[in-house]
>>> print(open('run.txt').read())   # compact mmCIF, C-alpha atoms
# COMPACT_ATOMS: atom_id res chain seq x y z
CA MET K 1 -43.20 -7.83 19.31
CA ALA K 2 -40.31 -8.08 21.78
CA ALA K 3 -41.94 -11.11 23.42
CA ILE K 4 -42.23 -12.80 20.02
CA ILE K 5 -38.56 -12.16 19.28
CA VAL K 6 -37.47 -13.54 22.65
CA THR K 7 -39.67 -16.63 22.24
CA ALA K 8 -38.36 -17.18 18.71
CA CYS K 9 -34.79 -17.00 20.03
CA GLU K 10 -35.59 -19.52 22.75
CA VAL K 11 -37.14 -21.93 20.23
CA TRP K 12 -34.17 -21.44 17.88
CA LEU K 13 -31.69 -22.25 20.66
CA ALA K 14 -33.72 -25.23 21.90
CA ILE K 15 -33.76 -26.75 18.41
CA GLY K 16 -30.09 -25.84 18.03
CA LEU K 17 -29.10 -27.59 21.25
CA THR K 18 -31.02 -30.71 20.20
CA VAL K 19 -29.37 -30.72 16.77
CA GLY K 20 -26.01 -29.95 18.35
CA LEU K 21 -26.21 -32.82 20.83
CA TRP K 22 -27.27 -35.19 18.07
CA PHE K 23 -24.41 -33.98 15.91
CA ILE K 24 -21.64 -34.34 18.50
CA LEU K 25 -22.93 -37.74 19.62
CA ALA K 26 -23.81 -39.32 16.29
CA GLY K 27 -22.64 -37.24 13.37
CA ILE K 28 -19.29 -35.59 13.88
CA GLU K 29 -17.15 -38.71 13.54
CA ARG K 30 -18.73 -39.50 10.18
CA ILE K 31 -17.80 -36.21 8.58
CA ASP K 32 -14.50 -35.28 10.24
CA PRO K 33 -11.74 -37.87 10.76
CA ALA K 34 -9.95 -35.61 13.25
CA ALA K 35 -12.96 -35.96 15.60
CA ARG K 36 -12.70 -39.74 15.80
CA GLY K 37 -11.80 -40.76 19.32
CA ALA K 38 -11.66 -37.11 20.44
CA TYR K 39 -14.38 -36.29 22.96
CA ALA K 40 -13.13 -33.55 25.29
CA PHE K 41 -13.42 -30.79 22.69
CA ARG K 42 -17.00 -31.59 21.68
CA PRO K 43 -18.84 -29.61 24.39
CA LEU K 44 -16.98 -26.51 23.16
CA LEU K 45 -18.83 -26.84 19.87
CA LEU K 46 -22.34 -26.74 21.36
CA PRO K 47 -22.79 -22.92 21.45
CA GLY K 48 -21.80 -22.62 17.78
CA LEU K 49 -23.93 -25.61 16.78
CA ALA K 50 -26.92 -24.10 18.60
CA LEU K 51 -26.49 -20.74 16.89
CA LEU K 52 -25.83 -22.07 13.38
CA TRP K 53 -28.01 -25.21 13.42
CA PRO K 54 -29.72 -24.77 10.00
CA PHE K 55 -26.31 -24.43 8.34
CA VAL K 56 -25.00 -27.34 10.43
CA VAL K 57 -27.81 -29.60 9.20
CA TRP K 58 -27.20 -28.58 5.56
CA ARG K 59 -23.43 -29.01 5.80
CA TRP K 60 -23.78 -32.29 7.71
CA ARG K 61 -25.96 -33.73 4.95
CA GLN K 62 -23.59 -32.41 2.27
CA LEU K 63 -20.50 -33.92 3.88
CA ALA K 64 -22.24 -37.21 4.68
CA ARG K 65 -23.27 -37.55 1.02
CA SER K 66 -19.81 -36.69 -0.27
CA SER K 67 -18.29 -39.36 1.96
CA GLY K 68 -20.29 -41.85 -0.10
CA GLY K 69 -21.43 -43.89 2.87
CA ARG K 70 -17.86 -44.92 3.66
CA CYS K 71 -18.51 -44.39 7.33
CA MET M 1 -4.32 -29.76 12.15
CA SER M 2 -4.75 -33.22 10.78
CA VAL M 3 -4.52 -35.11 14.09
CA ALA M 4 -7.31 -35.57 16.66
CA TYR M 5 -8.87 -32.38 18.01
CA THR M 6 -8.16 -31.22 21.55
CA PRO M 7 -10.13 -28.59 23.50
CA VAL M 8 -7.20 -26.15 23.46
CA GLY M 9 -3.78 -26.66 21.87
CA TRP M 10 -1.82 -25.39 24.85
CA ASN M 11 1.90 -24.66 24.69
CA ALA M 12 4.19 -22.48 26.80
CA ASN M 13 3.66 -19.40 24.59
CA LYS M 14 -0.13 -19.69 24.69
CA ILE M 15 -0.18 -20.17 28.47
CA PHE M 16 2.03 -17.09 28.95
CA TYR M 17 -0.13 -15.08 26.52
CA ASP M 18 -3.37 -16.05 28.25
CA VAL M 19 -2.04 -15.49 31.77
CA ALA M 20 -0.65 -12.07 30.80
CA LEU M 21 -3.93 -11.13 29.12
CA GLY M 22 -6.00 -12.31 32.09
CA LEU M 23 -3.84 -10.33 34.50
CA ALA M 24 -4.09 -7.22 32.31
CA VAL M 25 -7.90 -7.48 32.22
CA ALA M 26 -8.09 -8.00 36.00
CA ALA M 27 -5.75 -5.05 36.59
CA TYR M 28 -7.80 -2.80 34.29
CA LEU M 29 -11.08 -3.70 36.01
CA TRP M 30 -9.58 -3.19 39.47
CA ILE M 31 -8.03 0.17 38.55
CA PHE M 32 -11.20 1.36 36.79
CA MET M 33 -13.38 0.54 39.78
CA ALA M 34 -10.87 2.06 42.18
CA VAL M 35 -10.58 5.38 40.37
CA ALA M 36 -14.05 5.59 38.78
CA GLU M 37 -15.23 8.34 41.08
CA GLY M 38 -12.16 10.38 40.18
CA MET M 39 -13.11 10.06 36.50
CA ALA M 40 -16.53 11.56 37.18
CA PRO M 41 -16.04 14.73 39.19
CA GLY M 42 -19.21 16.01 40.76
CA ALA M 43 -21.07 12.77 40.36
CA ARG M 44 -21.26 9.73 42.61
CA PHE M 45 -22.09 6.45 40.95
CA ASP M 46 -23.38 3.32 42.54
CA ASP M 47 -21.20 0.20 42.45
CA ALA M 48 -23.39 -1.55 39.85
CA THR M 49 -23.02 1.32 37.37
CA ILE M 50 -19.28 1.45 37.90
CA GLU M 51 -18.96 -2.32 37.38
CA MET M 52 -21.02 -2.35 34.18
CA ARG M 53 -18.95 0.52 32.79
CA ALA M 54 -15.72 -1.12 33.84
CA TYR M 55 -16.62 -4.30 31.92
CA GLY M 56 -18.08 -2.35 28.99
CA SER M 57 -15.07 -0.07 28.55
CA CYS M 58 -12.72 -3.04 28.99
CA ALA M 59 -14.50 -4.97 26.22
CA PHE M 60 -14.33 -1.91 23.94
CA LEU M 61 -10.60 -1.45 24.54
CA MET M 62 -9.95 -5.17 24.01
CA LEU M 63 -11.90 -5.18 20.75
CA SER M 64 -10.01 -2.10 19.57
CA ALA M 65 -6.71 -3.78 20.47
CA ILE M 66 -7.67 -6.95 18.58
CA LEU M 67 -8.40 -4.95 15.44
CA CYS M 68 -5.09 -3.08 15.77
CA ILE M 69 -2.97 -6.23 16.10
CA GLY M 70 -3.24 -7.33 12.46
CA PRO M 71 -2.16 -4.07 10.79
CA LEU M 72 0.45 -3.39 13.49
CA ALA M 73 2.09 -6.76 12.86
CA ARG M 74 2.20 -6.03 9.14
CA LEU M 75 3.74 -2.62 9.68
CA ASP M 76 6.28 -3.67 12.33
CA THR M 77 7.39 -7.23 12.99
CA ARG M 78 7.99 -6.45 16.68
CA PHE M 79 4.23 -6.79 17.15
CA LEU M 80 4.16 -10.35 15.82
CA PRO M 81 4.27 -11.97 19.29
CA VAL M 82 0.99 -10.20 20.07
CA LEU M 83 -0.58 -11.61 16.92
CA TYR M 84 0.17 -15.11 18.11
CA ASN M 85 -2.86 -16.66 19.82
CA ARG M 86 -5.12 -13.72 18.96
CA ARG M 87 -8.06 -16.13 18.98
CA HIS M 88 -7.90 -16.45 22.76
CA PHE M 89 -7.88 -12.65 22.98
CA GLY M 90 -11.16 -12.63 21.07
CA VAL M 91 -12.78 -15.29 23.25
CA MET M 92 -11.76 -13.42 26.40
CA THR M 93 -13.20 -10.21 24.95
CA CYS M 94 -16.50 -12.00 24.41
CA PHE M 95 -16.58 -13.12 28.07
CA VAL M 96 -15.87 -9.57 29.27
CA ALA M 97 -18.67 -8.25 27.01
CA ILE M 98 -21.04 -10.91 28.41
CA MET M 99 -20.17 -9.74 31.95
CA HIS M 100 -21.05 -6.18 30.89
CA ALA M 101 -24.41 -7.36 29.52
CA ARG M 102 -25.13 -9.39 32.67
CA HIS M 103 -24.55 -6.34 34.86
CA VAL M 104 -26.77 -4.18 32.63
CA ILE M 105 -29.64 -6.67 32.74
CA ALA M 106 -29.25 -7.27 36.48
CA TRP M 107 -29.30 -3.55 37.24
CA TYR M 108 -31.90 -2.19 34.82
CA PHE M 109 -34.22 -5.08 34.01
CA ALA M 110 -34.02 -7.76 36.72
CA PHE M 111 -37.03 -6.40 38.59
CA SER M 112 -39.11 -5.65 35.52
CA PRO M 113 -42.68 -7.03 35.60
CA VAL M 114 -41.98 -8.73 32.26
CA ASP M 115 -39.16 -11.04 31.21
CA PRO M 116 -35.83 -9.11 31.48
CA TYR M 117 -34.96 -9.81 27.85
CA VAL M 118 -38.40 -8.66 26.69
CA ALA M 119 -37.91 -5.53 28.78
CA LEU M 120 -34.49 -4.97 27.24
CA LEU M 121 -35.92 -5.11 23.71
CA SER M 122 -39.05 -3.07 24.42
CA SER M 123 -38.05 -0.45 26.99
CA ASN M 124 -36.79 2.06 24.41
CA THR M 125 -38.22 2.26 20.90
CA SER M 126 -37.22 5.82 19.99
CA PHE M 127 -35.69 4.83 16.68
CA ALA M 128 -36.47 8.20 15.08
CA ARG M 129 -34.37 10.22 17.53
CA LEU M 130 -30.57 10.33 17.67
CA ALA M 131 -30.49 11.46 21.31
CA GLY M 132 -32.28 8.68 23.12
CA PHE M 133 -31.84 6.14 20.31
CA PRO M 134 -32.12 2.57 21.68
CA PHE M 135 -28.37 2.08 21.79
CA GLU M 136 -28.90 -1.09 23.83
CA LEU M 137 -29.93 -2.93 20.66
CA LEU M 138 -26.63 -2.02 19.01
CA GLY M 139 -24.87 -3.59 21.98
CA VAL M 140 -27.05 -6.70 21.65
CA ALA M 141 -26.12 -6.99 17.96
CA ALA M 142 -22.41 -6.62 18.73
CA LEU M 143 -22.59 -9.19 21.53
CA LEU M 144 -24.38 -11.63 19.24
CA VAL M 145 -21.60 -11.36 16.67
CA LEU M 146 -18.86 -11.66 19.30
CA THR M 147 -20.55 -14.75 20.73
CA LEU M 148 -20.87 -16.31 17.29
CA LEU M 149 -17.20 -15.67 16.55
CA ALA M 150 -16.06 -17.03 19.92
CA ALA M 151 -18.34 -20.07 19.50
CA THR M 152 -16.82 -20.86 16.10
CA SER M 153 -13.19 -20.26 17.06
CA HIS M 154 -12.22 -23.92 17.46
CA ASP M 155 -10.26 -25.53 14.60
CA PHE M 156 -13.18 -27.87 13.95
CA TRP M 157 -15.17 -24.95 12.57
CA LEU M 158 -12.46 -24.06 10.10
CA ASN M 159 -12.72 -27.52 8.56
CA PHE M 160 -16.49 -27.76 8.86
CA LEU M 161 -17.35 -24.34 7.42
CA THR M 162 -14.38 -24.39 4.95
CA PRO M 163 -11.70 -21.66 5.23
CA PRO M 164 -13.37 -19.10 2.89
CA ARG M 165 -16.69 -19.28 4.78
CA TRP M 166 -14.91 -19.22 8.16
CA LYS M 167 -12.89 -16.20 7.11
CA ALA M 168 -15.98 -14.40 5.79
CA LEU M 169 -17.85 -15.13 9.03
CA HIS M 170 -15.00 -13.81 11.14
CA MET M 171 -14.70 -10.64 9.07
CA SER M 172 -17.99 -9.68 10.75
CA ILE M 173 -15.80 -8.54 13.64
CA TYR M 174 -15.73 -5.20 11.81
CA ALA M 175 -19.52 -4.98 11.82
CA ALA M 176 -19.46 -5.77 15.53
CA TYR M 177 -16.93 -3.00 16.12
CA ALA M 178 -19.08 -0.51 14.21
CA CYS M 179 -22.05 -1.50 16.39
CA VAL M 180 -19.95 -1.09 19.54
CA VAL M 181 -18.73 2.37 18.47
CA ALA M 182 -22.35 3.41 17.83
CA HIS M 183 -23.45 1.76 21.09
CA VAL M 184 -20.88 3.77 23.07
CA SER M 185 -21.47 6.99 21.10
CA LEU M 186 -25.22 6.94 21.64
CA GLY M 187 -24.99 5.58 25.17
CA ALA M 188 -22.06 6.31 27.47
CA LEU M 189 -20.89 9.38 25.53
CA LEU M 190 -24.22 11.09 26.12
CA THR M 191 -23.52 10.86 29.85
CA PRO M 192 -21.51 14.05 30.50
CA GLN M 193 -19.92 12.70 33.69
CA TRP M 194 -17.84 10.05 31.86
CA GLN M 195 -15.44 12.52 30.27
CA ALA M 196 -12.59 10.05 29.80
CA MET M 197 -14.63 8.04 27.28
CA HIS M 198 -15.17 11.21 25.24
CA VAL M 199 -11.43 11.08 24.49
CA VAL M 200 -10.72 7.35 24.63
CA MET M 201 -13.48 6.15 22.29
CA PRO M 202 -12.74 8.45 19.31
CA ALA M 203 -9.00 7.93 19.81
CA CYS M 204 -9.39 4.15 19.68
CA ALA M 205 -11.71 4.20 16.66
CA LEU M 206 -9.44 6.59 14.75
CA THR M 207 -6.39 4.50 15.62
CA VAL M 208 -8.06 1.36 14.25
CA VAL M 209 -8.97 3.15 11.00
CA ALA M 210 -5.52 4.80 10.62
CA LEU M 211 -3.63 1.55 11.16
CA HIS M 212 -5.76 -0.28 8.61
CA LEU M 213 -5.18 2.49 6.05
CA ALA M 214 -1.42 2.44 6.71
CA ALA M 215 -1.26 -1.35 6.35
CA ALA M 216 -3.33 -1.19 3.14
CA ALA M 217 -0.98 1.46 1.71
CA ARG M 218 2.02 -0.73 2.50
CA GLN M 219 0.35 -3.72 0.84
CA ALA M 220 -0.40 -1.62 -2.24
CA ARG M 221 3.31 -0.75 -2.49
CA LEU M 222 4.20 -4.44 -2.24
CA ASP M 223 1.66 -5.29 -4.94
CA ARG M 224 3.16 -2.70 -7.27
CA THR M 225 6.58 -4.27 -6.68
CA ALA M 226 5.09 -7.67 -7.46
CA THR M 227 3.60 -6.42 -10.71
CA MET M 228 6.98 -5.03 -11.79
CA ALA M 229 8.69 -8.30 -10.86
CA ASN M 230 6.18 -10.35 -12.81
CA GLU M 231 6.92 -8.34 -15.92
CA ALA M 232 10.39 -9.85 -15.89
CA VAL M 233 10.65 -13.26 -17.53
CA GLY M 234 12.08 -16.17 -15.58
CA TRP M 235 14.09 -15.73 -12.39
CA ILE M 236 13.31 -12.76 -10.15
CA ASP M 237 15.93 -10.78 -8.22
CA VAL M 238 14.71 -10.59 -4.65
CA GLY M 239 17.63 -8.94 -2.85
CA GLU M 240 20.97 -9.62 -1.21
CA ALA M 241 21.39 -12.83 0.76
CA SER M 242 22.82 -10.92 3.71
CA GLY M 243 19.57 -8.95 3.94
CA ILE M 244 17.70 -11.84 5.53
CA ALA M 245 18.20 -12.16 9.28
CA ASP M 246 18.77 -15.62 10.74
CA GLY M 247 15.47 -17.35 11.54
CA ARG M 248 13.48 -14.73 9.65
CA ALA M 249 12.17 -14.25 6.13
CA ILE M 250 11.49 -11.77 3.41
CA ILE M 251 8.16 -11.96 1.57
CA VAL M 252 8.14 -11.80 -2.23
CA PRO M 253 4.68 -11.04 -3.67
CA LEU M 254 4.08 -12.78 -7.01
CA SER M 255 0.49 -11.72 -7.57
CA ASP M 256 -2.51 -10.47 -5.61
CA ALA M 257 -3.18 -13.97 -4.35
CA GLU M 258 0.27 -15.52 -4.16
CA SER M 259 3.48 -14.69 -2.36
CA VAL M 260 6.62 -16.54 -1.34
CA ALA M 261 8.48 -16.52 1.99
CA ILE M 262 12.27 -16.85 1.71
CA PHE M 263 13.67 -17.92 5.08
CA ARG M 264 17.21 -18.08 6.42
CA ASN M 265 18.11 -20.94 8.77
CA GLY M 266 21.79 -20.39 9.58
CA ASP M 267 23.67 -20.42 6.28
CA ALA M 268 20.79 -22.07 4.42
CA LEU M 269 18.10 -20.25 2.48
CA GLY M 270 14.81 -21.83 1.38
CA ALA M 271 11.57 -20.64 -0.17
CA ILE M 272 8.03 -21.84 0.54
CA ALA M 273 4.54 -20.53 -0.14
CA ASN M 274 3.71 -17.70 2.24
CA ALA M 275 0.14 -18.80 3.12
CA CYS M 276 -0.24 -21.22 6.03
CA ARG M 277 -2.50 -24.18 5.27
CA HIS M 278 -4.38 -23.59 8.52
CA GLN M 279 -5.92 -20.14 8.05
CA ASN M 280 -3.75 -18.58 5.36
CA GLY M 281 -1.61 -16.92 8.02
CA PRO M 282 1.46 -15.02 6.71
CA LEU M 283 4.29 -17.52 7.28
CA GLY M 284 6.89 -14.98 6.19
CA GLU M 285 6.00 -12.87 9.23
CA GLY M 286 6.80 -15.82 11.46
CA ARG M 287 10.19 -17.24 12.40
CA ILE M 288 12.06 -20.50 12.59
CA ILE M 289 11.51 -22.33 15.87
CA ASP M 290 13.06 -25.74 16.55
CA GLY M 291 14.23 -25.85 12.93
CA CYS M 292 10.73 -25.34 11.48
CA VAL M 293 9.04 -22.34 9.94
CA THR M 294 6.38 -21.35 12.50
CA CYS M 295 3.22 -19.48 11.57
CA PRO M 296 2.82 -16.30 13.64
CA TRP M 297 -0.94 -16.77 13.93
CA HIS M 298 -1.41 -20.17 15.54
CA GLY M 299 2.00 -21.84 15.60
CA PHE M 300 1.56 -24.31 12.72
CA GLN M 301 4.99 -25.54 11.62
CA TYR M 302 6.61 -26.59 8.33
CA ARG M 303 10.04 -27.85 7.35
CA LEU M 304 11.86 -25.30 5.19
CA GLU M 305 13.47 -27.85 2.88
CA ASP M 306 10.26 -29.54 1.66
CA GLY M 307 7.32 -27.47 2.97
CA CYS M 308 5.94 -30.43 4.93
CA ALA M 309 4.55 -30.19 8.46
CA PRO M 310 6.57 -32.43 10.79
CA PRO M 311 4.95 -35.78 11.69
CA PRO M 312 2.29 -36.61 12.74
CA TYR M 313 0.86 -33.67 10.77
CA THR M 314 0.32 -33.98 7.04
CA GLU M 315 -0.04 -30.43 5.67
CA LYS M 316 2.21 -29.57 2.71
CA LEU M 317 3.19 -26.29 1.09
CA ALA M 318 4.59 -25.54 -2.35
CA THR M 319 8.34 -24.97 -2.41
CA TYR M 320 10.29 -22.71 -4.77
CA ASN M 321 13.77 -22.87 -6.29
CA LEU M 322 16.43 -20.31 -5.41
CA ARG M 323 19.80 -19.53 -6.94
CA SER M 324 22.55 -17.02 -6.32
CA ALA M 325 23.81 -14.61 -8.98
CA ASN M 326 26.47 -11.98 -8.24
CA GLY M 327 25.58 -11.95 -4.54
CA TRP M 328 21.86 -11.59 -5.23
CA ILE M 329 19.23 -14.17 -4.51
CA GLN M 330 17.06 -15.10 -7.46
CA LEU M 331 13.68 -16.82 -7.18
CA ASP M 332 12.02 -19.03 -9.78
CA PRO M 333 8.36 -17.91 -9.55
CA ARG M 334 7.08 -21.30 -10.73
CA PRO M 335 6.04 -23.33 -7.65
CA ASN M 336 7.07 -26.93 -7.13
CA PRO M 337 4.33 -29.38 -6.17
CA PRO M 338 3.54 -29.21 -2.42
CA GLY M 339 6.02 -31.23 -0.39
CA THR M 340 8.78 -31.21 -3.05
CA ARG M 341 12.22 -31.26 -1.46
CA VAL M 342 14.54 -28.47 -2.63
CA GLU M 343 18.21 -28.35 -1.71
CA PRO M 344 18.78 -25.23 0.39
CA LEU M 345 20.78 -22.38 -1.10
CA HIS M 346 23.92 -21.84 0.96
CA ALA M 347 24.66 -18.20 1.57
CA PRO M 348 26.62 -16.54 4.38
CA ALA M 349 24.58 -15.14 7.22
CA ARG M 350 24.49 -11.46 8.10
CA PRO M 351 27.76 -10.61 9.96
>>> encode(input="run.txt", output="structure tokens")
Amino acid sequence: MAAIIVTACEVWLAIGLTVGLWFILAGIERIDPAARGAYAFRPLLLPGLALLWPFVVWRWRQLARSSGGRC
Amino acid sequence: MSVAYTPVGWNANKIFYDVALGLAVAAYLWIFMAVAEGMAPGARFDDATIEMRAYGSCAFLMLSAILCIGPLARLDTRFLPVLYNRRHFGVMTCFVAIMHARHVIAWYFAFSPVDPYVALLSSNTSFARLAGFPFELLGVAALLVLTLLAATSHDFWLNFLTPPRWKALHMSIYAAYACVVAHVSLGALLTPQWQAMHVVMPACALTVVALHLAAAARQARLDRTATMANEAVGWIDVGEASGIADGRAIIVPLSDAESVAIFRNGDALGAIANACRHQNGPLGEGRIIDGCVTCPWHGFQYRLEDGCAPPPYTEKLATYNLRSANGWIQLDPRPNPPGTRVEPLHAPARP
């Protein structure tokens, strides 16, 4: 059981890091104007993006839709 | 704020705060390790055990201090400087807790035949017993919450999650503290040699609870005053003009969700909404710095005359009208639209 939990955590974080990298490279500027041209702070977001990645994906989609394709 | 993000919004106050905090943590760890054997008469501990307990007790004390700062600042404004930059306090606490966990894993599980994390989760499964309960899992839960809070402490997360969700997430600090108290109670406190923790842990936990109850009682009194004031129609008497110190404010509650901060800047009085646009920090507990009302939580600033953040920032607060009647200040409880300029009320400063 413990091995399953540890493996699940590793998979969760691996997916989270992938989503997080994708987000800070390709998504963040489209949903937050204050991130445009700002790069130094982005690595600080990776731990949170990796931990909360399902919410990040949902919120990313929500904000991208509400921007109406302006970006 | 509304300009481009930076990794850390450094200023002189934040640098001083962080340096002082870092030095205090280093001093605590050094003193703990130096006197650890004196704290455990009759028992000799190895260096690894002393180090893990030094980091663990430091993280517990830091977390207790963080939870005391909010109510202390509400009960006594002299604690407001400690409230400023509390976020960095939290992130540093998380790092100290991670160091504690690293020492625990390195000492107890590094040479396990299975993965150290698997060993951590599976070495003790006595969930039915109080003595011998797997307190390690409570520590894991607390560390997970602390890590999540530290990882979402940047301003980006406030905008991305929205303030209500961010606030709700960060209220889980109380769940983390409960886990830490249980972790210490079922772990270190069952070790008879560490007598100091038998006193320190309950004292800290009781202090946190007592301060929150005292702050809640004070808020309840303010709310009752607000209810009485709202029963009056029109302008509200809020006190004598000389009762507001220069650069400071009084807070006038209008309802459960709304209050007004009336600031004095020299001979001028002005009123703005009390909730900072950043994280709803209590502006009325802040002071005027460089001519601007400055939030005690993270230093966001607003002009008193129109509630606008100085350029290049774009945040705006509602302003309120004041008038003087027989030496008393009166407040119109109806807010002006955010950013509306209001001529300051001139009233002599406190002699």
>>> residues_around(input="run.txt", residues="Val82 in chain M", least_positions_apart="5", cutoff="12 Å", atoms="only C-alpha atoms", output="count of residues only")
26
>>> interface_residues(input="run.txt", of="chain M", to="chain K", cutoff="7 Å", atoms="only C-alpha atoms", output="PyMOL selection string")
chain M and resi 2-7+117-118+121-122+148+151-152
>>> atom_distance(input="run.txt", atom1="CA of Trp157 in chain M", atom2="CA of His100 in chain M")
26.9 Å
>>> closest_residue(input="run.txt", among="M:Cys204, M:Gly299, M:Ile105, M:Ser324", to="Asn85 in chain M", atoms="only C-alpha atoms")
M:Gly299
>>> residues_near_point(input="run.txt", point="(16.8, -18.4, -6.3)", cutoff="9 Å", atoms="all atoms listed in the file", output="NGL selection string")
:M and (235-238 or 270-271 or 320-325 or 328-332 or 345)
>>> atom_distance(input="run.txt", atom1="CA of Phe127 in chain M", atom2="CA of Leu143 in chain M")
19.8 Å
>>> residues_near_point(input="run.txt", point="(27.1, -15.9, 4.3)", cutoff="12 Å", atoms="only C-alpha atoms", output="ChimeraX atom specification")
/M:240-246,264-269,324,327-329,345-351
>>> write_last_selection(input="run.txt", atoms="C-alpha atoms", output="short mmCIF file (atom, residue, chain, number, x, y, z; two decimals), keeping the file's coordinate frame")
data_model
loop_
_atom_site.label_atom_id
_atom_site.label_comp_id
_atom_site.auth_asym_id
_atom_site.auth_seq_id
_atom_site.Cartn_x
_atom_site.Cartn_y
_atom_site.Cartn_z
CA GLU M 240 20.97 -9.62 -1.21
CA ALA M 241 21.39 -12.83 0.76
CA SER M 242 22.82 -10.92 3.71
CA GLY M 243 19.57 -8.95 3.94
CA ILE M 244 17.70 -11.84 5.53
CA ALA M 245 18.20 -12.16 9.28
CA ASP M 246 18.77 -15.62 10.74
CA ARG M 264 17.21 -18.08 6.42
CA ASN M 265 18.11 -20.94 8.77
CA GLY M 266 21.79 -20.39 9.58
CA ASP M 267 23.67 -20.42 6.28
CA ALA M 268 20.79 -22.07 4.42
CA LEU M 269 18.10 -20.25 2.48
CA SER M 324 22.55 -17.02 -6.32
CA GLY M 327 25.58 -11.95 -4.54
CA TRP M 328 21.86 -11.59 -5.23
CA ILE M 329 19.23 -14.17 -4.51
CA LEU M 345 20.78 -22.38 -1.10
CA HIS M 346 23.92 -21.84 0.96
CA ALA M 347 24.66 -18.20 1.57
CA PRO M 348 26.62 -16.54 4.38
CA ALA M 349 24.58 -15.14 7.22
CA ARG M 350 24.49 -11.46 8.10
CA PRO M 351 27.76 -10.61 9.96
#
>>> atom_distance(input="run.txt", atom1="CA of Pro116 in chain M", atom2="CA of Ile98 in chain M")
15.2 Å
>>> closest_residue(input="run.txt", among="K:Trp53, K:Trp58, K:Ala8, K:Arg65", to="Trp22 in chain K", atoms="all atoms listed in the file")
K:Trp53
>>> residues_around(input="run.txt", residues="Leu149 in chain M", least_positions_apart="5", cutoff="9 Å", atoms="all atoms listed in the file", output="list in words")
Gly48 of chain K; Gly90, Val91, Cys94, Leu144, Leu169, His170, Ser172 and Ile173 of chain M
